[in-house]
$ cat coords_18.cif   # mmCIF, C-alpha atoms
data_model
#
loop_
_atom_site.label_atom_id
_atom_site.label_comp_id
_atom_site.auth_asym_id
_atom_site.auth_seq_id
_atom_site.Cartn_x
_atom_site.Cartn_y
_atom_site.Cartn_z
CA MET L 1 0.00 0.00 0.00
CA SER L 2 1.24 3.49 -0.85
CA LYS L 3 2.31 5.75 1.93
CA VAL L 4 0.28 8.90 2.56
CA ILE L 5 2.27 11.94 1.46
CA VAL L 6 2.39 14.56 4.23
CA VAL L 7 3.68 17.96 3.11
CA PRO L 8 4.08 21.03 5.32
CA CYS L 9 4.48 24.56 4.01
CA SER L 10 7.58 25.20 6.19
CA GLY L 11 6.79 28.92 5.80
CA ILE L 12 9.88 30.94 6.55
CA GLY L 13 8.33 34.10 7.91
CA LYS L 14 6.32 33.01 10.92
CA VAL L 15 6.18 30.48 13.73
CA TYR L 16 3.20 28.77 12.09
CA GLY L 17 5.41 27.61 9.24
CA LEU L 18 7.82 26.00 11.69
CA MET L 19 4.93 24.39 13.59
CA ALA L 20 3.59 22.93 10.32
CA ARG L 21 7.07 21.64 9.44
CA GLU L 22 7.69 20.04 12.83
CA ALA L 23 4.22 18.49 12.97
CA ALA L 24 4.82 16.85 9.58
CA LEU L 25 8.21 15.52 10.69
CA ALA L 26 6.73 14.15 13.93
CA VAL L 27 4.20 12.21 11.83
CA THR L 28 6.52 10.90 9.12
CA ASP L 29 9.50 10.18 11.41
CA HIS L 30 7.64 8.81 14.45
CA LEU L 31 3.84 8.64 14.73
CA ALA L 32 3.11 7.11 11.32
CA LYS L 33 6.59 6.21 10.11
CA GLU L 34 5.52 3.08 8.23
CA THR L 35 2.44 4.58 6.59
CA SER L 36 3.42 8.14 5.67
CA GLU L 37 6.28 10.04 4.10
CA THR L 38 7.18 13.60 3.25
CA ILE L 39 8.53 15.10 0.06
CA CYS L 40 10.35 18.42 -0.25
CA LEU L 41 7.72 21.05 -1.09
CA ALA L 42 10.30 23.09 -3.01
CA HIS L 43 10.79 20.10 -5.31
CA ILE L 44 7.02 19.89 -5.86
CA VAL L 45 7.01 23.61 -6.71
CA THR L 46 9.52 23.05 -9.51
CA GLY L 47 6.97 20.81 -11.26
CA ASP L 48 9.65 18.26 -12.18
CA GLU L 49 8.28 15.09 -13.74
CA GLU L 50 10.26 13.07 -11.18
CA VAL L 51 8.31 14.57 -8.29
CA THR L 52 4.89 15.00 -9.92
CA GLY L 53 5.14 11.31 -10.77
CA LYS L 54 5.40 10.56 -7.04
CA VAL L 55 2.53 12.87 -6.04
CA CYS L 56 0.02 12.59 -8.90
CA GLY L 57 -2.99 10.44 -7.93
CA GLN L 58 -1.62 9.76 -4.44
CA SER L 59 -3.36 10.43 -1.13
CA CYS L 60 -1.88 13.53 0.47
CA ILE L 61 -2.20 15.66 3.59
CA SER L 62 -1.32 19.34 3.49
CA ILE L 63 -0.20 21.23 6.58
CA ASP L 64 -0.17 24.97 6.12
CA GLY L 65 0.74 27.83 8.39
CA CYS L 66 -1.50 30.53 7.02
CA ALA L 67 -4.41 31.34 4.74
CA SER L 68 -2.25 31.22 1.59
CA LEU L 69 -2.38 27.40 1.80
CA CYS L 70 0.88 26.95 -0.09
CA SER L 71 1.16 23.24 0.57
CA PHE L 72 -2.45 22.54 -0.37
CA HIS L 73 -2.27 24.49 -3.64
CA SER L 74 1.11 23.02 -4.59
CA LEU L 75 -0.07 19.44 -3.98
CA GLU L 76 -3.21 20.05 -6.03
CA ALA L 77 -1.15 21.58 -8.84
CA ALA L 78 0.99 18.42 -8.88
CA GLY L 79 -2.10 16.21 -9.15
CA GLY L 80 -2.11 14.99 -5.54
CA ILE L 81 -5.42 13.97 -3.93
CA VAL L 82 -5.53 16.07 -0.78
CA LYS L 83 -7.59 14.05 1.71
CA GLY L 84 -6.54 15.98 4.81
CA LYS L 85 -6.05 19.71 5.09
CA PHE L 86 -4.58 21.15 8.30
CA ARG L 87 -3.47 24.63 9.38
CA SER L 88 -1.16 25.11 12.34
CA VAL L 89 -2.61 28.56 12.99
CA ASP L 90 -5.99 26.93 13.67
CA GLU L 91 -4.51 25.09 16.65
CA MET L 92 -3.99 28.43 18.38
CA ARG L 93 -7.77 28.66 18.92
CA PHE L 94 -7.33 26.03 21.60
CA HIS L 95 -4.44 27.94 23.19
CA ARG L 96 -5.50 31.57 23.23
CA GLY L 97 -2.76 33.91 24.43
CA ALA L 98 -0.04 31.25 24.23
CA ASN L 99 3.36 32.19 22.77
CA PRO L 100 4.45 29.32 20.49
CA GLY L 101 7.84 30.88 19.65
CA THR L 102 9.35 32.24 16.45
CA GLY L 103 9.98 31.01 12.94
CA SER L 104 13.36 29.72 14.18
CA ASP L 105 12.53 28.20 17.58
CA LEU L 106 9.49 26.84 19.33
CA THR L 107 8.79 27.42 23.01
CA GLU L 108 7.77 24.57 25.29
CA VAL L 109 4.11 25.39 24.68
CA GLY L 110 4.87 25.71 20.94
CA TRP L 111 6.15 22.14 20.93
CA GLN L 112 3.12 20.99 22.92
CA ILE L 113 0.71 22.56 20.40
CA THR L 114 2.73 21.11 17.53
CA ASP L 115 2.57 17.64 19.09
CA GLU L 116 -1.20 17.95 19.48
CA LEU L 117 -1.47 18.86 15.80
CA ALA L 118 0.81 15.95 14.84
CA ALA L 119 -1.41 13.53 16.77
CA LYS L 120 -4.47 14.71 14.80
CA ILE L 121 -2.59 14.31 11.51
CA ALA L 122 -1.47 10.78 12.47
CA VAL L 123 -5.14 9.85 13.09
CA LYS L 124 -5.97 11.17 9.61
CA VAL L 125 -3.16 9.07 8.09
CA ASP L 126 -4.68 5.98 9.73
CA GLU L 127 -8.15 6.86 8.42
CA ILE L 128 -6.83 7.28 4.88
CA GLN L 129 -4.98 3.95 5.06
CA LYS L 130 -8.09 2.16 6.37
CA GLU L 131 -10.21 3.65 3.56
CA ALA L 132 -7.71 2.39 1.02
CA LYS L 133 -7.94 -1.22 2.27
CA MET Q 1 22.79 49.96 -6.32
CA ALA Q 2 20.35 47.56 -4.66
CA GLU Q 3 19.06 48.49 -1.22
CA LYS Q 4 17.83 45.00 -0.45
CA VAL Q 5 18.67 41.52 -1.64
CA GLY Q 6 16.12 38.72 -1.97
CA VAL Q 7 17.27 35.45 -0.39
CA LEU Q 8 15.21 32.34 -1.05
CA ALA Q 9 15.70 29.10 0.88
CA CYS Q 10 14.54 25.74 -0.44
CA SER Q 11 13.67 24.71 3.17
CA GLY Q 12 13.57 21.10 1.93
CA GLU Q 13 11.81 18.72 4.31
CA GLU Q 14 13.70 15.55 3.43
CA TYR Q 15 17.25 16.44 4.43
CA LEU Q 16 19.25 18.35 7.03
CA GLY Q 17 20.41 20.76 4.31
CA GLY Q 18 16.84 21.98 3.90
CA THR Q 19 16.44 22.66 7.61
CA LEU Q 20 19.76 24.51 7.69
CA SER Q 21 18.94 26.55 4.58
CA ARG Q 22 15.74 27.77 6.26
CA LEU Q 23 17.44 28.57 9.57
CA ALA Q 24 20.42 30.26 7.93
CA VAL Q 25 18.25 32.57 5.82
CA ARG Q 26 16.27 33.54 8.92
CA HIS Q 27 19.53 34.16 10.81
CA VAL Q 28 20.83 36.44 8.04
CA MET Q 29 17.51 38.29 7.84
CA ASN Q 30 17.00 38.79 11.57
CA LYS Q 31 20.50 38.97 13.03
CA LEU Q 32 23.33 39.37 10.53
CA ARG Q 33 21.88 41.73 7.90
CA PRO Q 34 18.59 43.09 9.31
CA GLY Q 35 16.80 45.41 6.92
CA ARG Q 36 19.02 44.44 3.96
CA VAL Q 37 17.44 41.12 3.09
CA SER Q 38 13.95 40.14 2.02
CA THR Q 39 12.60 36.62 1.64
CA LEU Q 40 9.56 34.80 0.36
CA CYS Q 41 8.02 31.39 0.97
CA LEU Q 42 8.95 29.55 -2.21
CA PRO Q 43 5.54 27.88 -2.82
CA LEU Q 44 3.91 31.33 -2.92
CA TYR Q 45 5.01 31.28 -6.57
CA ILE Q 46 2.11 28.82 -7.00
CA ALA Q 47 -0.26 29.78 -4.18
CA GLY Q 48 0.27 33.52 -4.32
CA GLY Q 49 -0.42 36.14 -6.95
CA GLU Q 50 1.32 38.43 -9.36
CA GLU Q 51 3.06 40.31 -6.54
CA GLU Q 52 4.89 37.17 -5.38
CA ARG Q 53 5.89 36.31 -8.92
CA GLU Q 54 7.44 39.79 -9.26
CA PHE Q 55 9.87 38.99 -6.43
CA ALA Q 56 12.94 38.29 -8.56
CA LYS Q 57 12.24 41.35 -10.67
CA LYS Q 58 11.97 43.54 -7.56
CA TYR Q 59 15.10 42.25 -5.80
CA PRO Q 60 18.39 40.78 -7.01
CA CYS Q 61 17.98 37.21 -5.71
CA ILE Q 62 20.20 34.61 -4.12
CA ALA Q 63 18.85 31.05 -4.08
CA VAL Q 64 19.94 28.92 -1.11
CA ASP Q 65 19.53 25.26 -2.02
CA ALA Q 66 20.21 22.21 0.10
CA CYS Q 67 21.34 20.02 -2.75
CA SER Q 68 22.20 19.87 -6.42
CA LYS Q 69 18.51 19.60 -7.39
CA SER Q 70 18.58 23.40 -6.93
CA CYS Q 71 14.83 23.69 -6.37
CA ALA Q 72 14.88 27.29 -5.09
CA LYS Q 73 16.94 28.40 -8.07
CA ARG Q 74 14.87 26.55 -10.64
CA ALA Q 75 11.49 27.54 -9.15
CA THR Q 76 12.56 31.19 -9.10
CA ILE Q 77 13.72 31.09 -12.71
CA LYS Q 78 10.50 29.30 -13.75
CA TYR Q 79 8.02 31.61 -12.01
CA SER Q 80 9.71 34.90 -11.23
CA GLY Q 81 12.89 35.71 -13.12
CA ALA Q 82 16.65 35.35 -13.04
CA VAL Q 83 18.67 34.64 -9.90
CA ARG Q 84 21.80 36.69 -9.32
CA ASP Q 85 23.67 34.07 -7.30
CA VAL Q 86 23.27 30.60 -5.82
CA LEU Q 87 24.50 28.96 -2.64
CA VAL Q 88 24.33 25.19 -2.46
CA VAL Q 89 24.44 24.08 1.17
CA SER Q 90 26.19 20.81 0.34
CA ASP Q 91 29.07 22.85 -1.12
CA VAL Q 92 29.53 24.53 2.28
CA ILE Q 93 29.03 21.64 4.76
CA GLY Q 94 29.63 18.63 2.51
CA GLU Q 95 27.31 16.23 0.70
CA GLU Q 96 27.10 13.73 3.54
CA ALA Q 97 26.04 16.29 6.14
CA ALA Q 98 23.58 18.05 3.85
CA SER Q 99 21.85 14.81 2.88
CA CYS Q 100 21.61 13.55 6.48
CA ARG Q 101 18.09 12.55 7.56
CA THR Q 102 18.25 14.61 10.75
CA VAL Q 103 15.69 17.25 9.84
CA SER Q 104 13.64 18.16 12.92
CA ALA Q 105 14.72 21.08 15.10
CA ARG Q 106 14.15 18.65 18.00
CA ASP Q 107 17.23 16.72 16.95
CA LEU Q 108 19.60 19.57 16.14
CA LYS Q 109 22.86 19.58 18.11
CA PRO Q 110 25.52 22.29 18.59
CA GLU Q 111 27.43 21.01 15.53
CA HIS Q 112 24.33 21.56 13.38
CA TYR Q 113 24.02 25.16 14.60
CA ALA Q 114 27.72 25.64 13.80
CA MET Q 115 26.97 24.44 10.25
CA MET Q 116 24.04 26.86 10.07
CA GLU Q 117 26.30 29.76 11.04
CA LYS Q 118 28.82 28.75 8.37
CA ILE Q 119 26.03 28.77 5.76
CA ALA Q 120 24.75 32.13 7.04
CA ASP Q 121 28.25 33.61 6.73
CA ALA Q 122 28.48 32.34 3.15
CA ILE Q 123 25.10 33.95 2.37
CA CYS Q 124 26.31 37.25 3.87
CA LEU Q 125 29.35 37.29 1.58
CA LYS Q 126 27.03 37.01 -1.41
CA VAL Q 127 24.57 39.60 -0.02
CA ASP Q 128 27.38 42.08 0.62
CA ALA Q 129 28.83 41.58 -2.86
CA ILE Q 130 25.46 42.40 -4.46
CA LEU Q 131 24.87 45.39 -2.17
CA ALA Q 132 28.32 46.75 -3.07
CA GLU Q 133 27.72 46.59 -6.82
#

$ encode --input "coords_18.cif" --output "C-alpha cells"
Amino acid sequence: MSKVIVVPCSGIGKVYGLMAREAALAVTDHLAKETSETICLAHIVTGDEEVTGKVCGQSCISIDGCASLCSFHSLEAAGGIVKGKFRSVDEMRFHRGANPGTGSDLTEVGWQITDELAAKIAVKVDEIQKEAK
Amino acid sequence: MAEKVGVLACSGEEYLGGTLSRLAVRHVMNKLRPGRVSTLCLPLYIAGGEEEREFAKKYPCIAVDACSKSCAKRATIKYSGAVRDVLVVSDVIGEEAASCRTVSARDLKPEHYAMMEKIADAICLKVDAILAE
C-alpha cells in the first residue's frame, strides 16, 4: 500500500510555518513512520516530472501555516489527492494567548501545540490507510 | 545599487540541508543583515499572486539550495525571473552532512548550529557583494 504523502508549508516568515514543518516531521518520522512520508515542497514547486510522478494520484495531507495554503495548492497543482487539510494557525484557537515561539525556535508550549497537531494528523493518516484497504 | 537583496531558501523537508537553509536565511535576515534582506516562501510562486511572482524582478535574488537539485533556483527562474547568485548548502558543509536525515529542530545539536552559522556567513558574503555593486 502506498504511503500517505504529508507535506508542510515550512513557511519561513512566521512560527506557524515551523509548527507545520515540525508536525509533519513528527508524523513521518515517528507517529506514522511506516504509513506516511514527506517530500520536499520546493521540489514539488519546480513541477519536475520526477516529483509529480510521485505525487500525482496519491493520497496527500497538506499542513499549512497561514491562509495562503501553499502546501495545499502546490499538492493540487501536482495532481495529488488532498484528503486531509490542516493549518497550524488553527490550533492556536485552543491555546488563546499562548506564545508558540518564532519562525526559528518553538517554546515549550509551541512544541506541545505542535505535538497535538501531529497527533491529529497521524489519526488522519490511519483513516486514509483504512479507507484504502 | 540595490538596497535589499532577496534570499530564497529551499527549506527542503527531506534532508538536514533543507532545515539549515531555512534557519540560515532567517539568521541572516533577523541577526546578521537586518533590513538588507527580504525573503519569500517559495511555494507562494504557485499559491500567491502576481506580486509574489514579481519577487525576482523587484530584488536581485540569491537562491539557497540544500542540494544539487537546486529547487529554489529553478522555481525562481521558472516563475519569477533570473537569480543573481546561488549557494548550495552541500558545497559549504559537505554532501554527507547536507543529505543527512536529521531534519527536525528537535534533533539539532551544537554542531548543526555551527553548520548553520557557516552557511549564514556564506550567504552574507554574497549579499554584501550584491549590495556593493

$ closest_atom_pairs --input "coords_18.cif" --of "region 89-117 of chain L" --to "region 83-107 of chain Q" --cutoff "12 Å" --atoms "all atoms listed in the file" --output "tab-separated table"
residue	atom	partner	partner_atom	distance
L:Gly103	CA	Q:Ala105	CA	11.2
L:Ser104	CA	Q:Ala105	CA	8.8
L:Asp105	CA	Q:Ala105	CA	7.9
L:Leu106	CA	Q:Ala105	CA	8.9
L:Thr107	CA	Q:Arg106	CA	11.4
L:Glu108	CA	Q:Arg106	CA	11.4
L:Trp111	CA	Q:Arg106	CA	9.2
L:Thr114	CA	Q:Arg106	CA	11.7
L:Asp115	CA	Q:Arg106	CA	11.7

$ residues_around --input "coords_18.cif" --residues "region 113-125 of chain Q" --least-positions-apart "5" --cutoff "9 Å" --atoms "only C-alpha atoms" --output "list in words"
Val7, Leu20, Ser21, Leu23, Ala24, Val25, Arg26, His27, Val28, Leu32, Arg33, Ile62, Val64, Leu87, Val89, Val92, Ile93, Leu108 and Ile130 of chain Q

$ interface_residues --input "coords_18.cif" --of "chain L" --to "chain Q" --cutoff "6 Å" --atoms "only C-alpha atoms" --output "list in words"
Gly11, Ile12, Cys40, Ala42, His43, Val45, Thr46, Cys70 and His73 of chain L

$ resolve_selection --input "coords_18.cif" --expression "the PyMOL selection byres ((chain Q and resi 131) around 8)" --output "PDB file with C-alpha atoms, keeping the file's coordinate frame"
ATOM      1  CA  MET Q   1      22.790  49.960  -6.320  1.00  0.00           C
ATOM      2  CA  ALA Q   2      20.350  47.560  -4.660  1.00  0.00           C
ATOM      3  CA  GLU Q   3      19.060  48.490  -1.220  1.00  0.00           C
ATOM      4  CA  LYS Q   4      17.830  45.000  -0.450  1.00  0.00           C
ATOM      5  CA  VAL Q   5      18.670  41.520  -1.640  1.00  0.00           C
ATOM      6  CA  VAL Q 127      24.570  39.600  -0.020  1.00  0.00           C
ATOM      7  CA  ASP Q 128      27.380  42.080   0.620  1.00  0.00           C
ATOM      8  CA  ALA Q 129      28.830  41.580  -2.860  1.00  0.00           C
ATOM      9  CA  ILE Q 130      25.460  42.400  -4.460  1.00  0.00           C
ATOM     10  CA  ALA Q 132      28.320  46.750  -3.070  1.00  0.00           C
ATOM     11  CA  GLU Q 133      27.720  46.590  -6.820  1.00  0.00           C
TER      12      GLU Q 133
END

$ axis_aligned_box --input "coords_18.cif" --around "region 32-37 of chain Q" --padding-each-side "8 Å" --output "lines of an AutoDock Vina configuration file"
center_x = 20.1
center_y = 42.4
center_z = 6.8
size_x = 22.5
size_y = 22.0
size_z = 23.4

$ closest_atom_pairs --input "coords_18.cif" --of "region 44-100 of chain L" --to "region 14-32 of chain L" --cutoff "10 Å" --atoms "all atoms listed in the file" --output "JSON lines"
{"residue": "L:Ile61", "atom": "CA", "partner": "L:Ala24", "partner_atom": "CA", "distance": 9.3}
{"residue": "L:Ser62", "atom": "CA", "partner": "L:Ala24", "partner_atom": "CA", "distance": 9.0}
{"residue": "L:Ile63", "atom": "CA", "partner": "L:Ala20", "partner_atom": "CA", "distance": 5.6}
{"residue": "L:Asp64", "atom": "CA", "partner": "L:Ala20", "partner_atom": "CA", "distance": 6.0}
{"residue": "L:Gly65", "atom": "CA", "partner": "L:Tyr16", "partner_atom": "CA", "distance": 4.5}
{"residue": "L:Cys66", "atom": "CA", "partner": "L:Tyr16", "partner_atom": "CA", "distance": 7.1}
{"residue": "L:Phe86", "atom": "CA", "partner": "L:Ala20", "partner_atom": "CA", "distance": 8.6}
{"residue": "L:Arg87", "atom": "CA", "partner": "L:Ala20", "partner_atom": "CA", "distance": 7.3}
{"residue": "L:Ser88", "atom": "CA", "partner": "L:Ala20", "partner_atom": "CA", "distance": 5.6}
{"residue": "L:Val89", "atom": "CA", "partner": "L:Tyr16", "partner_atom": "CA", "distance": 5.9}
{"residue": "L:Asp90", "atom": "CA", "partner": "L:Tyr16", "partner_atom": "CA", "distance": 9.5}
{"residue": "L:Glu91", "atom": "CA", "partner": "L:Tyr16", "partner_atom": "CA", "distance": 9.7}
{"residue": "L:Met92", "atom": "CA", "partner": "L:Tyr16", "partner_atom": "CA", "distance": 9.6}
{"residue": "L:Asn99", "atom": "CA", "partner": "L:Val15", "partner_atom": "CA", "distance": 9.6}
{"residue": "L:Pro100", "atom": "CA", "partner": "L:Val15", "partner_atom": "CA", "distance": 7.1}

$ closest_residue --input "coords_18.cif" --among "L:Val125, L:Gly84, L:Leu117, L:Cys9" --to "Ala67 (chain L)" --atoms "only C-alpha atoms"
L:Cys9

$ atom_distance --input "coords_18.cif" --atom1 "CA of His112 (chain Q)" --atom2 "CA of Arg36 (chain Q)"
25.3 Å

$ atom_distance --input "coords_18.cif" --atom1 "CA of Ser59 (chain L)" --atom2 "CA of Lys33 (chain L)"
15.6 Å

$ atom_distance --input "coords_18.cif" --atom1 "CA of Arg53 (chain Q)" --atom2 "CA of Ser80 (chain Q)"
4.7 Å

$ closest_residue --input "coords_18.cif" --among "Q:Glu111, Q:Lys57, Q:Gly6, Q:Lys126" --to "Gly35 (chain Q)" --atoms "only C-alpha atoms"
Q:Gly6

$ resolve_selection --input "coords_18.cif" --expression "the PyMOL selection byres ((chain L and resi 129) around 9)" --output "PyMOL selection string"
chain L and resi 1-4+35+124-128+130-133

$ closest_residue --input "coords_18.cif" --among "L:Lys83, L:Ser68, L:Ala78, L:Cys60" --to "Glu52 (chain Q)" --atoms "only C-alpha atoms"
L:Ser68

$ resolve_selection --input "coords_18.cif" --expression "the PyMOL selection byres ((chain L and resi 54) around 12)" --output "mmCIF file with C-alpha atoms, in the frame of the given file"
data_model
loop_
_atom_site.group_PDB
_atom_site.id
_atom_site.type_symbol
_atom_site.label_atom_id
_atom_site.label_comp_id
_atom_site.auth_asym_id
_atom_site.auth_seq_id
_atom_site.Cartn_x
_atom_site.Cartn_y
_atom_site.Cartn_z
ATOM 1 C CA SER L 2 1.240 3.490 -0.850
ATOM 2 C CA LYS L 3 2.310 5.750 1.930
ATOM 3 C CA VAL L 4 0.280 8.900 2.560
ATOM 4 C CA ILE L 5 2.270 11.940 1.460
ATOM 5 C CA GLU L 37 6.280 10.040 4.100
ATOM 6 C CA THR L 38 7.180 13.600 3.250
ATOM 7 C CA ILE L 39 8.530 15.100 0.060
ATOM 8 C CA CYS L 40 10.350 18.420 -0.250
ATOM 9 C CA HIS L 43 10.790 20.100 -5.310
ATOM 10 C CA ILE L 44 7.020 19.890 -5.860
ATOM 11 C CA GLY L 47 6.970 20.810 -11.260
ATOM 12 C CA ASP L 48 9.650 18.260 -12.180
ATOM 13 C CA GLU L 49 8.280 15.090 -13.740
ATOM 14 C CA GLU L 50 10.260 13.070 -11.180
ATOM 15 C CA VAL L 51 8.310 14.570 -8.290
ATOM 16 C CA THR L 52 4.890 15.000 -9.920
ATOM 17 C CA GLY L 53 5.140 11.310 -10.770
ATOM 18 C CA VAL L 55 2.530 12.870 -6.040
ATOM 19 C CA CYS L 56 0.020 12.590 -8.900
ATOM 20 C CA GLY L 57 -2.990 10.440 -7.930
ATOM 21 C CA GLN L 58 -1.620 9.760 -4.440
ATOM 22 C CA SER L 59 -3.360 10.430 -1.130
ATOM 23 C CA CYS L 60 -1.880 13.530 0.470
ATOM 24 C CA LEU L 75 -0.070 19.440 -3.980
ATOM 25 C CA ALA L 78 0.990 18.420 -8.880
ATOM 26 C CA GLY L 79 -2.100 16.210 -9.150
ATOM 27 C CA GLY L 80 -2.110 14.990 -5.540
ATOM 28 C CA ILE L 81 -5.420 13.970 -3.930
#

$ build_atoms --input "coords_18.cif" --residues "region 20-42 of chain L" --atoms "N, CA and C atoms" --output "PDB file, keeping the file's coordinate frame"
ATOM      1  N   ALA L  20       4.054  23.840  11.375  1.00  0.00           N
ATOM      2  CA  ALA L  20       3.590  22.930  10.320  1.00  0.00           C
ATOM      3  C   ALA L  20       4.701  21.941   9.956  1.00  0.00           C
ATOM      4  N   ARG L  21       5.918  22.468   9.804  1.00  0.00           N
ATOM      5  CA  ARG L  21       7.070  21.640   9.440  1.00  0.00           C
ATOM      6  C   ARG L  21       7.328  20.564  10.493  1.00  0.00           C
ATOM      7  N   GLU L  22       7.370  20.988  11.757  1.00  0.00           N
ATOM      8  CA  GLU L  22       7.690  20.040  12.830  1.00  0.00           C
ATOM      9  C   GLU L  22       6.570  19.026  13.044  1.00  0.00           C
ATOM     10  N   ALA L  23       5.329  19.437  12.839  1.00  0.00           N
ATOM     11  CA  ALA L  23       4.220  18.490  12.970  1.00  0.00           C
ATOM     12  C   ALA L  23       4.339  17.406  11.889  1.00  0.00           C
ATOM     13  N   ALA L  24       4.655  17.821  10.669  1.00  0.00           N
ATOM     14  CA  ALA L  24       4.820  16.850   9.580  1.00  0.00           C
ATOM     15  C   ALA L  24       5.949  15.879   9.882  1.00  0.00           C
ATOM     16  N   LEU L  25       7.055  16.388  10.392  1.00  0.00           N
ATOM     17  CA  LEU L  25       8.210  15.520  10.690  1.00  0.00           C
ATOM     18  C   LEU L  25       7.899  14.561  11.842  1.00  0.00           C
ATOM     19  N   ALA L  26       7.121  15.036  12.817  1.00  0.00           N
ATOM     20  CA  ALA L  26       6.730  14.150  13.930  1.00  0.00           C
ATOM     21  C   ALA L  26       5.893  12.984  13.397  1.00  0.00           C
ATOM     22  N   VAL L  27       5.050  13.259  12.407  1.00  0.00           N
ATOM     23  CA  VAL L  27       4.200  12.210  11.830  1.00  0.00           C
ATOM     24  C   VAL L  27       5.036  11.239  10.996  1.00  0.00           C
ATOM     25  N   THR L  28       5.824  11.776  10.073  1.00  0.00           N
ATOM     26  CA  THR L  28       6.520  10.900   9.120  1.00  0.00           C
ATOM     27  C   THR L  28       7.751  10.207   9.718  1.00  0.00           C
ATOM     28  N   ASP L  29       8.318  10.801  10.781  1.00  0.00           N
ATOM     29  CA  ASP L  29       9.500  10.180  11.410  1.00  0.00           C
ATOM     30  C   ASP L  29       9.130   9.291  12.596  1.00  0.00           C
ATOM     31  N   HIS L  30       7.965   9.537  13.215  1.00  0.00           N
ATOM     32  CA  HIS L  30       7.640   8.810  14.450  1.00  0.00           C
ATOM     33  C   HIS L  30       6.228   8.225  14.491  1.00  0.00           C
ATOM     34  N   LEU L  31       5.214   9.092  14.435  1.00  0.00           N
ATOM     35  CA  LEU L  31       3.840   8.640  14.730  1.00  0.00           C
ATOM     36  C   LEU L  31       3.277   7.708  13.655  1.00  0.00           C
ATOM     37  N   ALA L  32       3.627   7.961  12.407  1.00  0.00           N
ATOM     38  CA  ALA L  32       3.110   7.110  11.320  1.00  0.00           C
ATOM     39  C   ALA L  32       4.251   6.837  10.335  1.00  0.00           C
ATOM     40  N   LYS L  33       5.357   6.393  10.901  1.00  0.00           N
ATOM     41  CA  LYS L  33       6.590   6.210  10.110  1.00  0.00           C
ATOM     42  C   LYS L  33       6.425   5.207   8.964  1.00  0.00           C
ATOM     43  N   GLU L  34       5.655   4.141   9.234  1.00  0.00           N
ATOM     44  CA  GLU L  34       5.520   3.080   8.230  1.00  0.00           C
ATOM     45  C   GLU L  34       4.461   3.391   7.172  1.00  0.00           C
ATOM     46  N   THR L  35       3.596   4.358   7.471  1.00  0.00           N
ATOM     47  CA  THR L  35       2.440   4.580   6.590  1.00  0.00           C
ATOM     48  C   THR L  35       2.402   5.967   5.953  1.00  0.00           C
ATOM     49  N   SER L  36       3.391   6.790   6.257  1.00  0.00           N
ATOM     50  CA  SER L  36       3.420   8.140   5.670  1.00  0.00           C
ATOM     51  C   SER L  36       4.848   8.530   5.325  1.00  0.00           C
ATOM     52  N   GLU L  37       4.955   9.521   4.466  1.00  0.00           N
ATOM     53  CA  GLU L  37       6.280  10.040   4.100  1.00  0.00           C
ATOM     54  C   GLU L  37       6.127  11.507   3.716  1.00  0.00           C
ATOM     55  N   THR L  38       7.237  12.220   3.719  1.00  0.00           N
ATOM     56  CA  THR L  38       7.180  13.600   3.250  1.00  0.00           C
ATOM     57  C   THR L  38       8.042  13.750   2.010  1.00  0.00           C
ATOM     58  N   ILE L  39       7.762  14.776   1.270  1.00  0.00           N
ATOM     59  CA  ILE L  39       8.530  15.100   0.060  1.00  0.00           C
ATOM     60  C   ILE L  39       8.815  16.591   0.132  1.00  0.00           C
ATOM     61  N   CYS L  40      10.007  17.002  -0.302  1.00  0.00           N
ATOM     62  CA  CYS L  40      10.350  18.420  -0.250  1.00  0.00           C
ATOM     63  C   CYS L  40       9.334  19.242  -1.059  1.00  0.00           C
ATOM     64  N   LEU L  41       8.708  20.205  -0.395  1.00  0.00           N
ATOM     65  CA  LEU L  41       7.720  21.050  -1.090  1.00  0.00           C
ATOM     66  C   LEU L  41       8.389  21.861  -2.206  1.00  0.00           C
ATOM     67  N   ALA L  42       9.613  22.310  -1.972  1.00  0.00           N
ATOM     68  CA  ALA L  42      10.300  23.090  -3.010  1.00  0.00           C
ATOM     69  C   ALA L  42      10.457  22.273  -4.294  1.00  0.00           C
TER      70      ALA L  42
END
